[in-house]
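Asks: Here it is: the structure, laid out below.
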Amino acid sequence: MEHDTNPASRGPRSAGEKWKAAAVAAVVILVALGAAYAVKQYTRSDVCKEYCAQAEELNSQKCTDPAVDTCDTLLDEKVALAAAINEMTVSEEEMSSGVERIHHSARMVESAGSRWSSGDCSEVQTGDKLFRCRTIATDLDGYFSELVERVQAL
């Protein structure tokens with residue numbers, strides 16, 4: 001007596017079998033996603049492990065307030081984080097073009113932060129001074145975004 005080994009010749013699967021197959025597929029997909037996430041976390045640079053979450057959070061906040069003087073704390077936090085990232089990158093990572101780009105971006109953030117502080121932008125401004133402070137805040141936000149991208153790519 002021969003057994004039919006052709007799955008197409010068997011009848012349609014029952015609903016229970018279909019659910020079991022879907023559950024197994026879902027578990028396999030979840031395990032694969034978890035493994036991919038674990039590998040990504042493991043292979044991140046020490047700098048990113050230390051600072052990426054905080055950098056991403058700060059990067060999601062932009063200085064869009066028309067008065068800009070209310071952005072002082074946010075921009076100071078970005079400058080301080082850029083300095084910390086730069087210090088750790090230069091001391092912990094092997095010199096590479098990626099580290100040099102991070103160093104450059106951090107310097108740009110710090111430079112914009114210095115312009116912000118020296119321009120009295122934390123106080124209410126009007127006219128040309130207000131325009132200058134808005135420009136500095138926009139520049140700082142842009143430089144910080146570049147820094148975050150470069151740290152994530154390291």
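Residues are named by chain letter and number: chains run A, B, ... in the order of the structure tokens, numbers start at 1 in each chain, and ligands are numbered from 1 in the order shown.
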Find the residues near range 64-74 of chain A: any atom within 8 Å, counting only C-alpha atoms, skip ones fewer than 3 places away on the same chain, and give them as a list of chain:residue names.
Replies: A:Leu58, A:Gln61, A:Glu77, A:Lys78, A:Cys121, A:Ser122, A:Glu123, A:Val124, A:Gln125, A:Leu130, A:Cys133, A:Arg134, A:Ala137
Asks: Skipping near chain neighbours, those fewer than 4 positions away, what residues fall within 12 Å of range 49-51 of chain A using only C-alpha atoms, listed as a ChimeraX atom specification?
Replies: /A:40-45,55-59,78,80-89,92,147-148,151-152,154
Asks: Between CA of Val90 in chain A and CA of Cys63 in chain A, what distance in Å does the model show, to one decimal?
Replies: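 The value is 28.1 Å.
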Asks: How far is it from CA of Leu140 in chain A to CA of Val47 in chain A, in Å with one decimal?
Replies: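 CA of Leu140 in chain A sits 20.7 Å away from CA of Val47 in chain A.
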Asks: Enter the distance from CA of His103 in chain A to CA of Val79 in chain A, in Å, rounded to one decimal.
Replies: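 Rounded to one decimal, the two atoms are 12.9 Å apart.
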Asks: So which one's closest to Ala153 in chain A, A:Val24, A:Asp46, A:Gly98, A:Lys18? Using only C-alpha atoms, please.
Replies: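 Between A:Val24, A:Asp46, A:Gly98, A:Lys18, the residue approaching Ala153 in chain A most closely is A:Gly98.
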Asks: Closest to Arg115 in chain A among A:Ser91, A:Glu149, A:Leu75, A:Val99, using only C-alpha atoms?
Replies: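 Ranked by minimum distance to Arg115 in chain A, first place goes to A:Leu75.
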Asks: Residues within 10 Å of Glu146 in chain A, please, as a list in words. Count only C-alpha atoms; anything in the same chain fewer than 6 positions from it doesn't count.
Replies: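 Everything that qualifies: Asn59, Arg101, Ile102, His104, Ser105, Ala106, Met108, Val109, Leu140 and Gln152 of chain A.
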